[in-house]
Amino acid sequence: MKNKIIYPNYENSILNLTSSLLECFDVPAEFPPLKQLDITELKKNQNVIFLILDGLGNNLLEKFDDCCRLLSEFRLDVITSVFPSTTTAAITSMMTGISPFEHGAIGWSLYFKEHFKLIDFIPVNDSVSQENLAKKFPSIFNMLPPKNIFEKIREKPNHETFGFRKRKKINRYLFLFPRCARTPIRRLFARSARLVDGI
């Protein structure tokens with residue numbers, strides 16, 4: 001059977017999952033929350049864990065059902081990714097709540113005309129020589145969205161309210177693989193969160 005093309009559905013996608021998370025903290029989002037999730041019930045929880053397993057789609061869960069039985073058992077529904085469904089585009093969308101069309105990080109290697117270079121966006125390396133360019137071209141980060149989801153939650157006036165409970169503080173942690181944790185892209189993802197690397 002041929003693989004069918006799956007188009008993004010921006011009412012039932014990873015962007016809507018991020019919107020659901022933001023709504024838990026009463027933060028406005030550009031996209032509607034997932035209809036499958038009961039936000040009122042989510043708000044009653046003391047902790048919310050937003051776990052991203054890059055590349056683990058529904059097709060793999062179905063193909064390796066024996067190995068992934070636990071994940072399949074707790075699967076609520078199938079949602080789409082963004083377009084393009086690259087790691088760079090999808091992770092940036094989930095961490096900012098906006099689409100690739102808006103944030104512009106559409107792939108691993110991007111052409112920056114002002115530097116006449118193809119640059120690997122997440123590690124900020126020259127795509128050909130692999131020279132790290134983060135210090136040489138700091139303006140690359142000007143294209144990034146101004147706020148990630150952690151900053152949006154922190155900046156909400158009632159950010160110390162979670163659901164119906166008062167808490168002294170909302171703790172925000174970001175766990176990254178060591179390869180990503182050492183890259184400048186963490187500036188976007190880890191602002192206003194405690195970065196925990198080395199997992």
# chains A, B, ... in the order shown; residues from 1 in each chain; ligands from 1
>>> residues_around(residues="Ile52 (chain A)", least_positions_apart="5", cutoff="12 Å", atoms="only C-alpha atoms", output="compact mmCIF listing (two decimals) with C-alpha atoms, in the first residue's frame")
# COMPACT_ATOMS: atom_id res chain seq x y z
CA ILE A 14 0.26 19.73 17.09
CA LEU A 17 -2.10 20.78 21.23
CA THR A 18 0.15 23.72 22.12
CA GLY A 57 4.04 9.40 14.43
CA THR A 87 11.77 18.58 12.90
CA ALA A 90 7.33 21.18 14.00
CA ILE A 91 9.40 21.75 17.15
CA THR A 92 9.52 25.52 16.60
CA SER A 93 5.73 25.55 16.11
CA MET A 94 5.13 23.54 19.27
CA MET A 95 7.47 25.72 21.30
CA LEU A 174 12.79 22.10 29.32
CA PHE A 175 14.63 18.81 28.82
CA LEU A 176 16.80 18.60 25.70
CA PHE A 177 19.12 15.98 24.31
>>> select_by_dssp(residues="chain A", states="helix (DSSP H, G or I)", output="PDB file with C-alpha atoms, in the first residue's frame")
ATOM      1  CA  ILE A  14       0.258  19.733  17.091  1.00  0.00           C
ATOM      2  CA  LEU A  15      -0.344  23.506  17.010  1.00  0.00           C
ATOM      3  CA  ASN A  16      -3.756  22.941  18.585  1.00  0.00           C
ATOM      4  CA  LEU A  17      -2.098  20.782  21.227  1.00  0.00           C
ATOM      5  CA  THR A  18       0.152  23.724  22.124  1.00  0.00           C
ATOM      6  CA  SER A  19      -2.924  25.976  22.174  1.00  0.00           C
ATOM      7  CA  SER A  20      -4.561  23.553  24.617  1.00  0.00           C
ATOM      8  CA  LEU A  21      -1.528  23.780  26.871  1.00  0.00           C
ATOM      9  CA  LEU A  22      -1.590  27.580  26.744  1.00  0.00           C
ATOM     10  CA  GLU A  23      -5.305  27.605  27.513  1.00  0.00           C
ATOM     11  CA  CYS A  24      -4.598  25.623  30.698  1.00  0.00           C
ATOM     12  CA  ILE A  39      -9.360  21.980  29.381  1.00  0.00           C
ATOM     13  CA  THR A  40     -11.366  22.214  32.605  1.00  0.00           C
ATOM     14  CA  GLU A  41     -10.166  18.740  33.588  1.00  0.00           C
ATOM     15  CA  LEU A  42      -6.576  19.547  32.594  1.00  0.00           C
ATOM     16  CA  LYS A  43      -6.632  22.657  34.786  1.00  0.00           C
ATOM     17  CA  ASN A  58       0.898   7.331  14.287  1.00  0.00           C
ATOM     18  CA  ASN A  59       2.289   5.255  11.399  1.00  0.00           C
ATOM     19  CA  LEU A  60       5.165   4.040  13.592  1.00  0.00           C
ATOM     20  CA  LEU A  61       2.851   3.333  16.537  1.00  0.00           C
ATOM     21  CA  GLU A  62       0.726   1.165  14.279  1.00  0.00           C
ATOM     22  CA  LYS A  63       3.685  -0.529  12.604  1.00  0.00           C
ATOM     23  CA  ARG A  69       1.692  -0.995  23.240  1.00  0.00           C
ATOM     24  CA  LEU A  70       1.864   1.283  26.278  1.00  0.00           C
ATOM     25  CA  LEU A  71       1.890   4.414  24.105  1.00  0.00           C
ATOM     26  CA  SER A  72      -0.884   3.057  21.887  1.00  0.00           C
ATOM     27  CA  GLU A  73      -2.991   2.170  24.899  1.00  0.00           C
ATOM     28  CA  THR A  87      11.767  18.583  12.901  1.00  0.00           C
ATOM     29  CA  THR A  88      12.749  22.251  12.751  1.00  0.00           C
ATOM     30  CA  ALA A  89       9.301  23.424  11.641  1.00  0.00           C
ATOM     31  CA  ALA A  90       7.330  21.183  14.005  1.00  0.00           C
ATOM     32  CA  ILE A  91       9.395  21.749  17.151  1.00  0.00           C
ATOM     33  CA  THR A  92       9.518  25.523  16.595  1.00  0.00           C
ATOM     34  CA  SER A  93       5.731  25.550  16.110  1.00  0.00           C
ATOM     35  CA  MET A  94       5.126  23.541  19.267  1.00  0.00           C
ATOM     36  CA  MET A  95       7.467  25.720  21.295  1.00  0.00           C
ATOM     37  CA  THR A  96       5.970  29.004  20.051  1.00  0.00           C
ATOM     38  CA  PRO A 100       5.845  27.552  10.061  1.00  0.00           C
ATOM     39  CA  PHE A 101       4.393  30.148   7.689  1.00  0.00           C
ATOM     40  CA  GLU A 102       4.633  32.650  10.549  1.00  0.00           C
ATOM     41  CA  HIS A 103       7.964  31.686  12.169  1.00  0.00           C
ATOM     42  CA  PRO A 138      24.055  36.579  15.652  1.00  0.00           C
ATOM     43  CA  SER A 139      21.413  38.261  13.470  1.00  0.00           C
ATOM     44  CA  ILE A 140      20.200  34.784  12.489  1.00  0.00           C
ATOM     45  CA  PHE A 141      18.212  34.781  15.709  1.00  0.00           C
ATOM     46  CA  ASN A 142      16.334  37.926  14.667  1.00  0.00           C
ATOM     47  CA  MET A 143      14.126  35.709  12.503  1.00  0.00           C
ATOM     48  CA  ILE A 149       5.294  29.269  25.243  1.00  0.00           C
ATOM     49  CA  PHE A 150       7.190  29.511  28.550  1.00  0.00           C
ATOM     50  CA  GLU A 151       7.475  33.284  28.195  1.00  0.00           C
ATOM     51  CA  LYS A 152       3.813  33.579  27.248  1.00  0.00           C
ATOM     52  CA  ILE A 153       2.833  31.657  30.388  1.00  0.00           C
ATOM     53  CA  ARG A 154       5.175  33.701  32.588  1.00  0.00           C
ATOM     54  CA  GLU A 155       3.939  37.015  31.217  1.00  0.00           C
ATOM     55  CA  PRO A 178      22.754  17.050  24.809  1.00  0.00           C
ATOM     56  CA  ARG A 179      23.247  17.759  21.091  1.00  0.00           C
ATOM     57  CA  CYS A 180      20.387  20.286  21.105  1.00  0.00           C
ATOM     58  CA  ALA A 181      21.080  21.641  24.593  1.00  0.00           C
ATOM     59  CA  ARG A 186      18.071  26.805  23.140  1.00  0.00           C
ATOM     60  CA  ARG A 187      17.837  30.613  23.348  1.00  0.00           C
ATOM     61  CA  LEU A 188      14.424  30.333  21.756  1.00  0.00           C
ATOM     62  CA  PHE A 189      13.224  27.172  23.468  1.00  0.00           C
ATOM     63  CA  ALA A 190      14.593  27.673  26.972  1.00  0.00           C
TER      64      ALA A 190
END
>>> closest_residue(among="A:Lys147, A:Phe112, A:Asn12, A:Tyr173", to="Leu51 (chain A)", atoms="only C-alpha atoms")
A:Tyr173
>>> residues_around(residues="Val124 (chain A)", least_positions_apart="5", cutoff="7 Å", atoms="only C-alpha atoms", output="VMD selection string")
chain A and resid 119 132 to 134
>>> residues_around(residues="Ile6 (chain A)", least_positions_apart="3", cutoff="10 Å", atoms="only C-alpha atoms", output="list in words")
Asn3, Asn9, Thr80, Ser81 and Phe83 of chain A
>>> write_last_selection(atoms="C-alpha atoms", output="PDB file, in the first residue's frame")
ATOM      1  CA  ASN A   3       1.798   6.067   1.693  1.00  0.00           C
ATOM      2  CA  ASN A   9      -5.423  20.226   9.792  1.00  0.00           C
ATOM      3  CA  THR A  80      -1.607  16.040  12.198  1.00  0.00           C
ATOM      4  CA  SER A  81       1.730  17.795  12.144  1.00  0.00           C
ATOM      5  CA  PHE A  83       3.575  21.777   6.956  1.00  0.00           C
TER       6      PHE A  83
END
>>> closest_residue(among="A:Lys156, A:Leu37, A:His115, A:Gly97", to="Lys136 (chain A)", atoms="only C-alpha atoms")
A:His115
>>> residues_around(residues="Ser109 (chain A)", least_positions_apart="6", cutoff="10 Å", atoms="only C-alpha atoms", output="PyMOL selection string")
chain A and resi 88+117-127
>>> select_by_dssp(residues="chain A", states="strand (DSSP E or B)", output="list of chain:residue names")
A:Ser13, A:Thr80, A:Ser109, A:Leu110, A:Tyr111, A:Phe112, A:Lys117, A:Leu118, A:Ile119, A:Asp120, A:Asn125, A:Asp126, A:Asn132, A:Thr161, A:Phe162, A:Arg165, A:Lys166, A:Tyr173, A:Leu174, A:Phe175, A:Leu176, A:Arg194, A:Leu195, A:Val196, A:Asp197
>>> atom_distance(atom1="CA of Ser99 (chain A)", atom2="CA of Tyr10 (chain A)")
9.0 Å
>>> atom_distance(atom1="CA of Asp66 (chain A)", atom2="CA of Lys35 (chain A)")
29.0 Å
